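Printed here is coords33.txt (compact mmCIF, C-alpha atoms):
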```
# COMPACT_ATOMS: atom_id res chain seq x y z
CA MET A 667 -17.29 -13.64 -16.28
CA ARG A 668 -16.03 -10.40 -17.77
CA PHE A 669 -13.35 -10.60 -20.42
CA ALA A 670 -11.15 -8.53 -22.70
CA TRP A 671 -10.28 -8.73 -26.37
CA ILE A 672 -6.87 -7.33 -27.27
CA ASP A 673 -6.99 -5.35 -30.52
CA LEU A 674 -3.69 -5.78 -32.35
CA ARG A 675 -4.61 -3.48 -35.23
CA GLU A 676 -3.55 -0.33 -33.38
CA VAL A 677 -0.53 -1.72 -31.53
CA PRO A 678 2.81 -0.07 -32.43
CA GLY A 679 4.85 -2.38 -34.64
CA ARG A 680 7.82 -2.71 -32.28
CA GLN A 681 5.47 -3.72 -29.45
CA LEU A 682 3.40 -6.22 -31.42
CA GLN A 683 5.11 -9.50 -30.52
CA ALA A 684 5.42 -8.55 -26.84
CA VAL A 685 1.71 -7.68 -26.72
CA VAL A 686 0.77 -10.96 -28.41
CA ASP A 687 2.90 -12.94 -25.95
CA ALA A 688 1.43 -11.03 -23.00
CA ALA A 689 -2.14 -11.61 -24.22
CA VAL A 690 -1.54 -15.37 -24.37
CA HIS A 691 0.35 -15.50 -21.06
CA ALA A 692 -2.26 -13.39 -19.23
CA ARG A 693 -5.05 -15.53 -20.68
CA MET A 694 -6.92 -12.68 -22.29
CA GLY A 695 -10.34 -13.65 -23.57
CA GLY A 696 -9.56 -12.94 -27.20
CA VAL A 697 -7.29 -11.32 -29.75
CA VAL A 698 -8.56 -9.22 -32.65
CA ALA A 699 -6.41 -8.82 -35.77
CA ALA A 700 -6.72 -8.14 -39.48
CA ASP A 701 -4.10 -10.81 -40.23
CA ALA A 702 -5.54 -14.32 -40.41
CA GLU A 703 -2.08 -15.88 -40.51
CA LEU A 704 -1.15 -14.16 -37.23
CA LEU A 705 -4.31 -15.40 -35.54
CA ALA A 706 -3.66 -18.94 -36.74
CA THR A 707 -0.44 -18.99 -34.68
CA LEU A 708 -2.34 -18.39 -31.42
CA PRO A 709 -3.41 -21.24 -29.14
CA PRO A 710 -7.08 -22.28 -28.98
CA THR A 711 -7.26 -21.01 -25.38
CA VAL A 712 -7.66 -17.52 -26.92
CA THR A 713 -10.71 -16.52 -28.96
CA ARG A 714 -9.22 -15.58 -32.34
CA VAL A 715 -11.22 -12.76 -33.92
CA LEU A 716 -10.58 -11.79 -37.53
CA ALA A 717 -11.52 -8.22 -38.48
CA PRO A 718 -11.15 -7.64 -42.21
CA GLY A 719 -10.19 -4.20 -43.53
CA GLY A 720 -12.36 -1.35 -42.33
CA GLN A 721 -14.04 -3.35 -39.56
CA GLY A 722 -12.66 -1.33 -36.64
CA PRO A 723 -14.17 1.75 -34.98
CA ALA A 724 -14.75 4.41 -37.61
CA ASP A 725 -13.98 7.32 -35.33
CA PRO A 726 -11.21 6.57 -32.79
CA LYS A 727 -11.45 8.74 -29.72
CA LYS A 728 -7.91 10.06 -30.15
CA PRO A 729 -7.15 10.19 -33.88
CA GLY A 730 -3.47 10.22 -34.66
CA ASP A 731 -2.65 9.29 -31.08
CA ARG A 732 -0.67 6.18 -31.93
CA ALA A 733 2.17 5.97 -34.40
CA GLU A 734 3.77 2.90 -35.89
CA LYS A 735 0.57 0.94 -36.38
CA GLY A 736 2.15 -2.40 -37.16
CA THR A 737 -1.14 -4.15 -37.84
CA GLY A 738 -3.30 -1.16 -38.67
CA ALA A 739 -4.70 0.01 -41.98
CA LYS A 740 -1.99 -1.57 -44.14
CA ALA A 741 -2.38 -4.98 -42.54
CA ALA A 742 -6.15 -4.62 -42.69
CA ARG A 743 -6.01 -4.02 -46.46
CA GLU A 744 -3.65 -6.93 -46.93
CA SER A 745 -5.96 -9.33 -45.11
CA ALA A 746 -9.30 -8.03 -46.33
CA ASP A 747 -9.58 -10.94 -48.74
CA ALA A 748 -8.43 -13.63 -46.26
CA GLY A 749 -11.49 -15.78 -46.84
CA THR A 750 -13.83 -13.07 -45.52
CA SER A 751 -15.02 -11.17 -48.55
CA SER A 752 -18.69 -12.04 -48.07
CA ARG A 753 -20.88 -9.21 -46.73
CA SER A 754 -23.65 -11.55 -45.69
CA GLY A 755 -22.89 -12.83 -42.22
CA SER A 756 -20.54 -15.68 -41.48
CA SER A 757 -18.05 -17.13 -43.92
CA PRO A 758 -16.94 -20.72 -44.51
CA ALA A 759 -15.15 -22.02 -41.43
CA ALA A 760 -11.48 -21.04 -41.45
CA ASP A 761 -8.69 -22.79 -39.59
CA GLY A 762 -7.37 -20.71 -36.71
CA ILE A 763 -10.33 -18.29 -36.72
CA ASP A 764 -13.03 -18.49 -34.06
CA VAL A 765 -15.06 -15.35 -34.76
CA LEU A 766 -15.40 -13.07 -37.78
CA LEU A 767 -15.94 -9.42 -36.87
CA ARG A 768 -18.08 -7.55 -39.40
CA ARG A 769 -19.41 -4.01 -39.38
CA PHE A 770 -23.12 -3.28 -39.53
CA GLY A 771 -24.88 0.06 -39.75
CA THR A 772 -28.30 -0.80 -41.16
CA GLU A 773 -31.11 -3.23 -40.40
CA GLU A 774 -30.34 -5.06 -43.64
CA GLU A 775 -26.70 -5.62 -42.65
CA LEU A 776 -27.76 -6.85 -39.21
CA ASP A 777 -30.29 -9.21 -40.81
CA ALA A 778 -27.53 -10.59 -43.04
CA LEU A 779 -25.23 -11.19 -40.07
CA ALA A 780 -27.94 -12.94 -38.08
CA ALA A 781 -28.97 -15.05 -41.08
CA GLY A 782 -25.38 -16.09 -41.71
CA ASN A 783 -25.02 -17.23 -38.10
CA ARG A 784 -28.07 -19.46 -38.48
CA ALA A 785 -26.40 -21.23 -41.40
CA ALA A 786 -24.49 -24.35 -40.38
CA GLY A 787 -20.78 -24.83 -40.89
CA GLY A 788 -19.57 -21.23 -41.01
CA THR A 789 -17.39 -19.14 -38.74
CA PRO A 790 -19.62 -17.32 -36.21
CA ALA A 791 -19.97 -13.63 -37.03
CA ALA A 792 -19.86 -10.84 -34.48
CA GLY A 793 -21.04 -7.35 -35.30
CA ILE A 794 -19.33 -4.03 -34.70
CA ILE A 795 -21.18 -0.73 -34.78
CA ASP A 796 -20.46 2.92 -34.04
CA VAL A 797 -23.15 4.50 -31.86
CA ARG A 798 -23.54 8.19 -32.71
CA ASP A 799 -27.26 8.88 -32.49
CA ASP A 800 -30.58 7.35 -31.56
CA ARG A 801 -30.82 5.30 -34.77
CA THR A 802 -27.47 3.59 -34.26
CA LEU A 803 -28.22 3.19 -30.56
CA GLN A 804 -31.42 1.32 -31.30
CA LEU A 805 -29.62 -0.75 -33.93
CA SER A 806 -26.92 -1.69 -31.40
CA CYS A 807 -29.64 -2.85 -28.99
CA ALA A 808 -31.09 -5.05 -31.73
CA GLY A 809 -27.63 -6.44 -32.47
CA ALA A 810 -27.05 -7.26 -28.82
CA MET A 811 -30.25 -9.31 -28.87
CA ARG A 812 -29.43 -11.24 -32.05
CA LEU A 813 -25.67 -11.75 -32.33
CA PRO A 814 -23.25 -13.91 -30.31
CA TYR A 815 -21.01 -10.84 -29.81
CA THR A 816 -21.85 -7.19 -30.40
CA VAL A 817 -18.89 -4.79 -30.32
CA ILE A 818 -19.90 -1.18 -29.76
CA HIS A 819 -17.84 1.97 -30.14
CA PHE A 820 -19.61 4.88 -28.45
CA ALA A 821 -18.75 8.19 -30.07
CA ASP A 822 -19.58 10.27 -26.97
CA PRO A 823 -18.03 9.95 -23.48
CA THR A 824 -21.37 9.65 -21.65
CA LYS A 825 -22.21 6.17 -20.41
CA ILE A 826 -25.99 6.64 -20.79
CA PRO A 827 -26.07 4.87 -24.19
CA LEU A 828 -24.20 1.92 -22.68
CA GLU A 829 -26.76 1.77 -19.87
CA ILE A 830 -29.54 1.64 -22.45
CA VAL A 831 -27.89 -1.21 -24.38
CA LEU A 832 -27.20 -3.15 -21.18
CA ALA A 833 -30.83 -2.86 -20.14
CA ALA A 834 -32.07 -3.87 -23.59
CA ALA A 835 -29.70 -6.85 -23.78
CA GLU A 836 -30.42 -8.16 -20.26
CA PRO A 837 -32.36 -11.23 -21.49
CA ALA A 838 -30.02 -11.93 -24.42
CA ASP A 839 -27.58 -14.83 -24.60
CA GLY A 840 -25.01 -12.86 -26.62
CA LYS A 841 -22.09 -10.91 -25.18
CA LEU A 842 -21.69 -7.14 -25.27
CA VAL A 843 -18.16 -5.85 -25.94
CA THR A 844 -17.41 -2.14 -25.47
CA VAL A 845 -14.51 -0.36 -27.16
CA VAL A 846 -12.41 1.52 -24.59
CA ASP A 847 -9.48 3.87 -24.99
CA ASP A 848 -7.67 3.31 -21.69
CA LEU A 849 -7.68 1.22 -18.53
CA GLU A 850 -9.49 3.85 -16.50
CA GLU A 851 -12.39 3.74 -18.93
CA ALA A 852 -12.31 -0.07 -18.83
CA ALA A 853 -12.84 0.00 -15.06
CA ILE A 854 -15.79 2.38 -15.47
CA VAL A 855 -17.38 0.31 -18.25
CA PHE A 856 -17.27 -2.83 -16.12
CA ASP A 857 -19.24 -1.06 -13.36
CA VAL A 858 -22.03 0.54 -15.41
CA LEU A 859 -25.43 -0.54 -14.00
CA GLU A 860 -23.48 -2.81 -11.58
CA ARG A 861 -23.54 -5.53 -14.25
CA GLY A 862 -21.24 -3.70 -16.67
CA SER A 863 -20.26 -4.67 -20.17
CA ASP A 864 -19.53 -8.38 -20.62
CA GLY A 865 -16.25 -7.56 -22.29
CA ILE A 866 -14.09 -4.78 -23.65
CA LEU A 867 -12.06 -4.27 -26.81
CA TYR A 868 -8.78 -2.52 -26.08
CA ALA A 869 -5.65 -1.74 -28.11
CA PRO A 870 -2.77 -1.67 -25.60
CA ARG A 871 0.36 0.34 -26.19
CA SER A 872 2.62 -2.22 -24.54
CA ALA A 873 2.73 -5.62 -22.84
CA ASP A 874 2.65 -3.84 -19.46
CA GLU A 875 -0.84 -2.57 -20.27
CA VAL A 876 -1.98 -6.11 -21.07
CA PHE A 877 -0.86 -7.31 -17.63
CA ALA A 878 -2.47 -4.26 -15.97
CA LEU A 879 -5.70 -5.13 -17.74
CA ALA A 880 -5.41 -8.72 -16.49
CA ARG A 881 -5.15 -7.43 -12.93
CA LEU A 882 -8.25 -5.29 -13.50
CA LEU A 883 -10.21 -8.30 -14.73
CA GLN A 884 -9.21 -10.25 -11.63
CA ALA A 885 -10.17 -7.46 -9.23
CA THR A 886 -12.96 -9.34 -7.50
CA THR A 887 -13.65 -9.39 -3.78
CA PRO A 888 -13.33 -12.62 -1.80
CA GLN A 889 -15.88 -14.67 0.06
CA LEU A 890 -14.74 -14.50 3.68
CA GLU A 891 -15.10 -17.24 6.25
CA LEU A 892 -16.48 -15.44 9.28
CA SER A 893 -16.00 -16.75 12.82
CA THR A 894 -18.10 -16.64 15.94
CA LEU A 895 -16.51 -14.55 18.70
CA THR A 896 -17.53 -14.74 22.35
CA VAL A 897 -17.62 -11.58 24.45
CA GLU A 898 -15.40 -11.87 27.55
CA SER A 899 -15.47 -8.27 28.82
CA ILE A 900 -16.90 -4.82 28.16
CA ARG A 901 -15.54 -1.70 29.84
CA HIS A 902 -15.88 2.07 29.59
CA VAL A 903 -12.51 3.58 28.72
CA GLY A 904 -13.33 7.30 28.62
CA LEU A 905 -13.09 10.01 25.99
CA GLY A 906 -11.41 9.39 22.66
CA ASP A 907 -11.77 9.97 18.94
CA ARG A 908 -14.03 7.74 16.88
CA VAL A 909 -14.62 7.57 13.14
CA CYS A 910 -17.92 7.36 11.28
CA VAL A 911 -17.40 6.04 7.76
CA ASP A 912 -19.91 7.39 5.25
CA THR A 913 -19.83 5.45 2.00
CA CYS A 914 -21.27 6.09 -1.45
CA SER A 915 -23.30 2.88 -1.23
CA HIS A 916 -26.47 1.65 0.45
CA PHE A 917 -25.72 -1.13 2.93
CA GLU A 918 -27.97 -4.15 3.24
CA GLU A 919 -29.42 -4.90 6.67
CA ASP A 920 -26.89 -7.66 7.36
CA GLU A 921 -23.85 -5.74 6.06
CA GLY A 922 -21.16 -3.67 7.68
CA ILE A 923 -17.40 -3.32 7.71
CA LEU A 924 -14.75 -5.27 9.61
CA VAL A 925 -13.00 -3.30 12.35
CA GLY A 926 -10.56 -4.34 15.07
CA SER A 927 -7.85 -3.08 17.37
CA TYR A 928 -5.53 -5.87 16.26
CA SER A 929 -4.66 -6.81 12.69
CA SER A 930 -5.24 -10.47 13.51
CA GLY A 931 -8.95 -10.16 14.21
CA PHE A 932 -11.96 -7.99 13.36
CA VAL A 933 -15.56 -7.57 14.47
CA LEU A 934 -18.35 -7.01 11.94
CA CYS A 935 -19.62 -3.50 12.73
CA CYS A 936 -23.18 -2.89 11.58
CA SER A 937 -24.32 -0.09 9.29
CA GLU A 938 -26.96 2.40 10.37
CA THR A 939 -29.51 0.71 8.10
CA HIS A 940 -31.79 -0.27 10.99
CA PRO A 941 -34.28 2.18 12.53
CA LEU A 942 -33.30 4.29 15.53
CA PRO A 943 -35.72 6.02 17.94
CA TYR A 944 -34.28 9.54 17.83
CA MET A 945 -32.86 9.93 14.33
CA PRO A 946 -33.45 8.76 10.78
CA THR A 947 -31.57 5.80 9.37
CA ARG A 948 -28.37 6.50 7.48
CA PRO A 949 -27.93 3.36 5.37
CA PHE A 950 -24.63 4.59 3.94
CA ARG A 951 -22.90 4.89 7.35
CA VAL A 952 -20.98 2.69 9.74
CA ASN A 953 -20.11 4.10 13.16
CA ALA A 954 -16.91 2.14 12.97
CA GLY A 955 -14.67 2.64 15.97
CA ALA A 956 -11.72 4.48 17.47
CA LEU A 957 -9.32 6.09 15.01
CA HIS A 958 -6.46 3.68 15.80
CA SER A 959 -8.51 0.70 14.62
CA TYR A 960 -7.79 -1.40 11.57
CA THR A 961 -10.40 -1.92 8.87
CA LEU A 962 -10.16 -4.48 6.09
CA GLY A 963 -10.15 -3.39 2.47
CA PRO A 964 -9.74 -5.09 -0.90
CA ASP A 965 -6.68 -7.16 -1.77
CA ASN A 966 -6.30 -8.31 1.86
CA ARG A 967 -4.96 -4.91 2.87
CA THR A 968 -5.80 -3.05 6.06
CA ASN A 969 -5.95 0.65 6.79
CA TYR A 970 -6.18 2.54 10.04
CA LEU A 971 -9.50 4.33 10.36
CA SER A 972 -7.42 7.49 10.71
CA GLU A 973 -6.29 6.96 7.09
CA VAL A 974 -9.76 6.44 5.64
CA GLY A 975 -11.15 9.40 3.73
CA SER A 976 -13.03 10.49 0.64
CA GLY A 977 -12.18 8.17 -2.25
CA SER A 978 -10.91 5.30 -0.09
CA VAL A 979 -12.14 1.82 -0.99
CA LEU A 980 -13.28 -0.60 1.72
CA LEU A 981 -15.01 -3.96 1.88
CA ALA A 982 -18.68 -4.18 2.73
CA VAL A 983 -19.12 -7.57 4.39
CA GLY A 984 -22.33 -9.51 4.84
CA ALA A 985 -23.20 -11.85 7.69
CA ASP A 986 -22.72 -14.77 5.29
CA GLY A 987 -19.18 -13.64 4.39
CA ARG A 988 -19.98 -12.14 0.99
CA THR A 989 -18.06 -8.98 0.18
CA ARG A 990 -18.16 -6.07 -2.24
CA ARG A 991 -16.18 -2.90 -2.79
CA VAL A 992 -17.60 0.34 -1.42
CA VAL A 993 -16.19 3.83 -1.96
CA VAL A 994 -15.93 6.20 0.99
CA GLY A 995 -17.60 9.56 0.53
CA ARG A 996 -16.24 11.01 3.74
CA ALA A 997 -15.04 10.06 7.20
CA LYS A 998 -16.12 11.93 10.34
CA LEU A 999 -13.72 12.09 13.27
CA GLU A 1000 -15.30 13.26 16.53
CA SER A 1001 -14.50 12.97 20.25
CA ARG A 1002 -16.90 10.68 22.09
CA PRO A 1003 -16.92 8.40 25.15
CA LEU A 1004 -15.51 5.02 24.15
CA LEU A 1005 -16.27 1.40 25.00
CA GLU A 1006 -13.79 -1.48 24.72
CA ILE A 1007 -15.21 -4.87 23.76
CA ARG A 1008 -12.89 -7.84 24.24
CA THR A 1009 -13.80 -11.15 22.66
CA HIS A 1010 -12.12 -14.46 21.99
CA ALA A 1011 -12.37 -16.92 19.12
CA SER A 1012 -12.80 -20.68 19.53
CA ASP A 1013 -9.00 -21.08 19.36
CA GLY A 1014 -8.58 -18.60 22.21
CA ARG A 1015 -7.38 -15.77 19.99
CA LEU A 1016 -8.13 -12.31 21.40
CA VAL A 1017 -10.14 -9.93 19.21
CA SER A 1018 -10.67 -6.42 20.55
CA LEU A 1019 -12.82 -3.55 19.33
CA THR A 1020 -13.12 -0.01 20.71
CA VAL A 1021 -16.25 1.88 19.65
CA GLN A 1022 -18.32 4.87 20.67
CA ASP A 1023 -20.02 4.22 24.02
CA ASP A 1024 -23.60 4.69 22.86
CA TRP A 1025 -26.70 2.55 22.42
CA HIS A 1026 -27.11 3.31 18.70
CA VAL A 1027 -23.70 1.82 17.83
CA ARG A 1028 -24.24 -1.77 16.74
CA VAL A 1029 -22.39 -4.92 15.78
CA LEU A 1030 -23.65 -8.07 14.08
CA GLY A 1031 -24.02 -11.51 15.59
CA PRO A 1032 -24.47 -14.93 13.97
CA GLY A 1033 -27.28 -14.96 11.43
CA GLY A 1034 -27.05 -11.19 11.07
CA LYS A 1035 -28.52 -10.50 14.50
CA VAL A 1036 -28.24 -6.78 15.33
CA LEU A 1037 -26.67 -6.09 18.75
CA ASN A 1038 -26.42 -2.74 20.53
CA VAL A 1039 -22.92 -2.41 21.98
CA THR A 1040 -24.08 -0.95 25.29
CA GLU A 1041 -26.29 -3.99 25.89
CA LEU A 1042 -23.62 -6.62 25.28
CA ARG A 1043 -22.97 -9.09 28.08
CA THR A 1044 -20.23 -11.64 28.78
CA GLY A 1045 -20.93 -14.74 26.74
CA ASP A 1046 -22.74 -12.96 23.90
CA GLU A 1047 -21.69 -14.05 20.42
CA LEU A 1048 -20.51 -11.69 17.67
CA LEU A 1049 -19.47 -12.20 14.06
CA GLY A 1050 -15.85 -11.55 13.18
CA TYR A 1051 -13.01 -12.40 10.88
CA LEU A 1052 -9.70 -13.96 11.89
CA ALA A 1053 -6.71 -13.00 9.76
CA THR A 1054 -3.71 -15.31 9.53
CA ASP A 1055 -1.23 -12.61 8.48
CA LYS A 1056 0.65 -10.04 10.48
CA ARG A 1057 0.75 -6.55 8.98
CA HIS A 1058 3.28 -3.94 7.97
CA VAL A 1059 1.87 -0.67 6.54
CA GLY A 1060 -1.35 -2.61 5.98
CA LEU A 1061 0.25 -5.36 3.92
CA PRO A 1062 0.40 -9.01 5.04
CA ILE A 1063 3.89 -10.02 6.09
CA GLY A 1064 5.38 -13.20 7.53
CA GLU A 1065 7.16 -11.88 10.59
CA PHE A 1066 6.86 -12.05 14.35
CA CYS A 1067 4.41 -9.46 15.66
CA LYS A 1068 2.56 -9.38 18.97
CA GLU A 1069 -0.26 -6.94 19.63
CA VAL A 1070 -1.64 -6.38 23.13
```
Can the structure from this file be put into structure tokens for me?
Amino acid sequence: MRFAWIDLREVPGRQLQAVVDAAVHARMGGVVAADAELLATLPPTVTRVLAPGGQGPADPKKPGDRAEKGTGAKAARESADAGTSSRSGSSPAADGIDVLLRRFGTEEELDALAAGNRAAGGTPAAGIIDVRDDRTLQLSCAGAMRLPYTVIHFADPTKIPLEIVLAAAEPADGKLVTVVDDLEEAAIVFDVLERGSDGILYAPRSADEVFALARLLQATTPQLELSTLTVESIRHVGLGDRVCVDTCSHFEEDEGILVGSYSSGFVLCCSETHPLPYMPTRPFRVNAGALHSYTLGPDNRTNYLSEVGSGSVLLAVGADGRTRRVVVGRAKLESRPLLEIRTHASDGRLVSLTVQDDWHVRVLGPGGKVLNVTELRTGDELLGYLATDKRHVGLPIGEFCKEV
């Protein structure tokens, strides 16, 4: 589970209490402060991380960007002797402190931190390091292998060093925490190498940013309960406009996107991952359907295919109901002969799909069976998804709505 530590040391003084309250209310993973007394007031549901003076990033990405640092350098100096003066790893256990954050920049300092953690009875020590060159990069990799938490501030904007640390720390039990400057960077850090950083360290400017970060942490895609749909009719409906959705991701063989004429039901349209006789596979593409159709995206929101374009985010859905976010690279709208497929669910609900009338357009059946739409027959079974909500501008809404 990814998590966030809220760094209070850079929070403007007038915002401090609101940020603390928001961090507790939003169940942030941890709070970092230079004031041991402040941390002691926090509930044990939050990891309380004490960072003595000088233990933060040495080179903030935007120096001078934040005024009124209510718990910044002054508070750090005042708390530097709060039972944490030892430079050799963990300190005697302190009430209200869960983790001691200490800087390391040499092998000797890392050895001292690791040795202190092996000693019984002390407060666990995490390490923080600034990565500026190959030496500090290699040292951060060693820290990630040996410490319970390794906090890394990367001096340069490239994410290549983070990729290297993630790969090096793959077998480690410890957690990697990356310092970020804003929420946009947080989202990127969580996606690096698909795994992403275990956690981030972020100094919000306000309580609103804490709640926005909480929403980012919760931005997972659901497991869907797919239904079996039975084909009741197939008919040629003539020329119309259909949309091919080209994503920035490689689909698995049993994946596609959910498409339907009605917002109450969707058919799982197959990607072009499977071989075709007259053209190469295009594993990034779904020949999705007519432009009026709905497709399901994250957060239980639908879009018309006519609205989908470069930068849109959709759900890739597997035959077992697993989902993941995929980014659209482009959408291709072209006029083609169309085929209407009408199906019904076990409860009698009608689910309709209009697609290009061509053999190479495919949908998925139970077990991930690949079915060519032009070869469908009455009684064939398809995979689909039944939605319980009606829609208004793509959002679920509890109102009367009938689609025919």
Distance in Å - CA of Glu703 in chain A versus CA of Ile672 in chain A: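 The value is 16.5 Å.
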Separation of CA of Val1036 in chain A and CA of Thr896 in chain A, in Å?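 Value for the CA of Val1036 in chain A-CA of Thr896 in chain A distance: 15.1 Å.
Residues lying within 6 Å of range 987-994 of chain A, counting all atoms listed in the file and ignoring same-chain neighbours fewer than 2 positions away, are Thr887, Gln889, Leu890, Glu891, Leu892, Asp912, Thr913, Cys914, Ser976, Gly977, Ser978, Val979, Leu980, Leu981, Ala982, Val983, Gly984, Ala985 and Arg996 of chain A.
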A:Ile794, A:Val817, A:Tyr868, A:Gly787: which is nearest Trp671 in chain A, counting all atoms listed in the file?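 Between A:Ile794, A:Val817, A:Tyr868, A:Gly787, the residue approaching Trp671 in chain A most closely is A:Tyr868.
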Write out as a PDB file with C-alpha atoms, in the frame of the given file which residues come within 8 Å of Leu971 in chain A when counting all atoms listed in the file, dropping same-chain ones fewer than 5 positions away.
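Below you can see selection-v9.pdb, which holds the result:
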```pdb
ATOM      1  CA  VAL A 909     -14.620   7.570  13.140  1.00  0.00           C
ATOM      2  CA  GLY A 955     -14.670   2.640  15.970  1.00  0.00           C
ATOM      3  CA  ALA A 956     -11.720   4.480  17.470  1.00  0.00           C
ATOM      4  CA  LEU A 957      -9.320   6.090  15.010  1.00  0.00           C
ATOM      5  CA  HIS A 958      -6.460   3.680  15.800  1.00  0.00           C
ATOM      6  CA  SER A 959      -8.510   0.700  14.620  1.00  0.00           C
ATOM      7  CA  TYR A 960      -7.790  -1.400  11.570  1.00  0.00           C
ATOM      8  CA  THR A 961     -10.400  -1.920   8.870  1.00  0.00           C
TER       9      THR A 961
END
```
So that I can see what lies close to Pro827 in chain A, please list as a PDB file with C-alpha atoms, in the coordinates of the input the residues with an atom at most 12 Å from it, counting all atoms listed in the file and leaving out residues fewer than 3 positions away in the same chain.
```
ATOM      1  CA  ASP A 796     -20.460   2.920 -34.040  1.00  0.00           C
ATOM      2  CA  VAL A 797     -23.150   4.500 -31.860  1.00  0.00           C
ATOM      3  CA  ARG A 798     -23.540   8.190 -32.710  1.00  0.00           C
ATOM      4  CA  ASP A 799     -27.260   8.880 -32.490  1.00  0.00           C
ATOM      5  CA  ASP A 800     -30.580   7.350 -31.560  1.00  0.00           C
ATOM      6  CA  ARG A 801     -30.820   5.300 -34.770  1.00  0.00           C
ATOM      7  CA  THR A 802     -27.470   3.590 -34.260  1.00  0.00           C
ATOM      8  CA  LEU A 803     -28.220   3.190 -30.560  1.00  0.00           C
ATOM      9  CA  GLN A 804     -31.420   1.320 -31.300  1.00  0.00           C
ATOM     10  CA  LEU A 805     -29.620  -0.750 -33.930  1.00  0.00           C
ATOM     11  CA  SER A 806     -26.920  -1.690 -31.400  1.00  0.00           C
ATOM     12  CA  CYS A 807     -29.640  -2.850 -28.990  1.00  0.00           C
ATOM     13  CA  ILE A 818     -19.900  -1.180 -29.760  1.00  0.00           C
ATOM     14  CA  HIS A 819     -17.840   1.970 -30.140  1.00  0.00           C
ATOM     15  CA  PHE A 820     -19.610   4.880 -28.450  1.00  0.00           C
ATOM     16  CA  ALA A 821     -18.750   8.190 -30.070  1.00  0.00           C
ATOM     17  CA  ASP A 822     -19.580  10.270 -26.970  1.00  0.00           C
ATOM     18  CA  PRO A 823     -18.030   9.950 -23.480  1.00  0.00           C
ATOM     19  CA  THR A 824     -21.370   9.650 -21.650  1.00  0.00           C
ATOM     20  CA  ILE A 830     -29.540   1.640 -22.450  1.00  0.00           C
ATOM     21  CA  VAL A 831     -27.890  -1.210 -24.380  1.00  0.00           C
ATOM     22  CA  LEU A 832     -27.200  -3.150 -21.180  1.00  0.00           C
ATOM     23  CA  ALA A 833     -30.830  -2.860 -20.140  1.00  0.00           C
ATOM     24  CA  ALA A 834     -32.070  -3.870 -23.590  1.00  0.00           C
ATOM     25  CA  THR A 844     -17.410  -2.140 -25.470  1.00  0.00           C
ATOM     26  CA  VAL A 855     -17.380   0.310 -18.250  1.00  0.00           C
ATOM     27  CA  VAL A 858     -22.030   0.540 -15.410  1.00  0.00           C
ATOM     28  CA  LEU A 859     -25.430  -0.540 -14.000  1.00  0.00           C
ATOM     29  CA  SER A 863     -20.260  -4.670 -20.170  1.00  0.00           C
TER      30      SER A 863
END
```
Counting all atoms listed in the file, the residue of A:Leu1042, A:Leu716, A:Gly793, A:Ala670 that sits nearest Glu775 in chain A: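 Looking only at the distances to Glu775 in chain A, the closest residue turns out to be A:Gly793.
Neighbours of Gly1031 in chain A closer than or equal to 7 Å, with only C-alpha atoms counted and sequence neighbours fewer than 3 positions away skipped, come out as Gly1034, Lys1035, Val1036, Leu1037, Glu1047, Leu1048 and Leu1049 of chain A.
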Under the rule that all atoms listed in the file are counted, which of A:Leu849, A:Arg1043, A:Tyr970, A:Ile854 is the nearest residue to Phe877 in chain A?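 Checking each of A:Leu849, A:Arg1043, A:Tyr970, A:Ile854 against Phe877 in chain A, counting all atoms listed in the file, the winner is A:Leu849.
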Residues near Gly1014 in chain A, cut-off 12 Å, all atoms listed in the file, skip fewer than 3 positions along chain, as an MDAnalysis selection string: chainID A and resid 894:898 931 1008:1011 1017 1052
Which residue gives the smallest distance to Leu1005 in chain A among A:Glu938, A:Asp1046, A:Asp907, A:Glu918, with only C-alpha atoms counted?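 Checking each of A:Glu938, A:Asp1046, A:Asp907, A:Glu918 against Leu1005 in chain A, counting only C-alpha atoms, the winner is A:Asp907.
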For a quick check of understanding, using all atoms listed in the file, which of A:Asp1013, A:Glu919, A:Asp986, A:Glu875 has the smallest distance to Asp847 in chain A?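 Closest to Asp847 in chain A, using all atoms listed in the file: A:Glu875.
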Hey, can you check how far CA of Phe770 in chain A sits from CA of Val690 in chain A? 29.0 Å
To box range 872-882 of chain A, take all atoms listed in the file, fit an axis-aligned box, add 6 Å on each side, and give centre and edge lengths in Å to one decimal, as AutoDock Vina command-line options.
```
--center_x -2.8 --center_y -5.5 --center_z -18.7 --size_x 23.0 --size_y 18.5 --size_z 23.6
```
Return the single residue from A:Ile900, A:Ile866, A:Leu942, A:Leu813 that is closest to Ala880 in chain A, with distances computed using all atoms listed in the file.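 Closest candidate: A:Ile866.
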